Amino acid sequence: MDMILDEKTEVLAILLRAEHELIDSYTAALTSLHGRSTTSLLRAICDEHCQAAENLRVFMEEIRPLGFVEEALSFSRLEPLFADSFNSFGVLDALKDRERELVEDYLQASRDDTLGAECTEVIACHLLPQARTHLAEIERLAAHTRHLATVYA
């Protein structure tokens, strides 16, 4: 039983860290792209990542004491996303890569028996489709931005 609890905790910690890293990435992107037409979409996606993180936090707090969530978030598996000098192409490409990684994380988690039925249902029926939608939106936005750059170059 302890091993299953630890596996569940580890999977949820990975997902929660990934969500928080994406929130940080979108926040940096919003700062980097301030004033551009893309910011409303990026802000909406960031808000959905905040809600996803909250959902994961609730599952985590059901199985671990409150201090564990902060401990799980205390280290990051990824480097900082942006330098101030990135252009909009670099920002969108970096977001696309992070979204793609999150889709893979959720796909693996949706198949994980140790998470329990309620948790895998939320992941498979809500968080994974939402992450796929975010990936498609960022891919579309990146392609549109590149197209505009060639048209107006």
# chains A, B, ... in the order shown; residues from 1 in each chain; ligands from 1

$ residues_around --residues "A:Leu127" --least-positions-apart "2" --cutoff "12 Å" --atoms "only C-alpha atoms" --output "PyMOL selection string"
chain A and resi 15-16+19+48-56+99+102-107+109-110+119-125+129-134

$ closest_residue --among "A:Ala18, A:Cys46, A:Val11, A:Leu95" --to "A:Ala136" --atoms "only C-alpha atoms"
A:Leu95

$ closest_residue --among "A:Glu7, A:Asp47, A:Glu62, A:Asp113" --to "A:Asp24" --atoms "only C-alpha atoms"
A:Asp47

$ atom_distance --atom1 "atom CA of A:Ala29" --atom2 "atom CA of A:Val91"
6.3 Å

$ residues_around --residues "A:Ala143" --least-positions-apart "3" --cutoff "12 Å" --atoms "only C-alpha atoms" --output "number ranges by chain"
A: 88-89, 92-93, 96, 136-140, 146-150

$ select_by_dssp --residues "chain A" --states "helix (DSSP H, G or I)" --output "PyMOL selection string"
chain A and resi 2-32+39-63+66-72+88-110+113-115+117-151

$ atom_distance --atom1 "atom CA of A:Arg98" --atom2 "atom CA of A:Tyr152"
28.4 Å

$ atom_distance --atom1 "atom CA of A:Thr31" --atom2 "atom CA of A:Arg43"
10.7 Å

$ closest_residue --among "A:Leu42, A:Arg100, A:Thr114, A:Glu61" --to "A:Ala28" --atoms "only C-alpha atoms"
A:Leu42

$ closest_residue --among "A:Phe59, A:His126, A:Gly90, A:Leu135" --to "A:Ser32" --atoms "only C-alpha atoms"
A:Gly90

$ closest_residue --among "A:Leu128, A:Ala94, A:Ile45, A:Ile14" --to "A:Arg111" --atoms "only C-alpha atoms"
A:Leu128
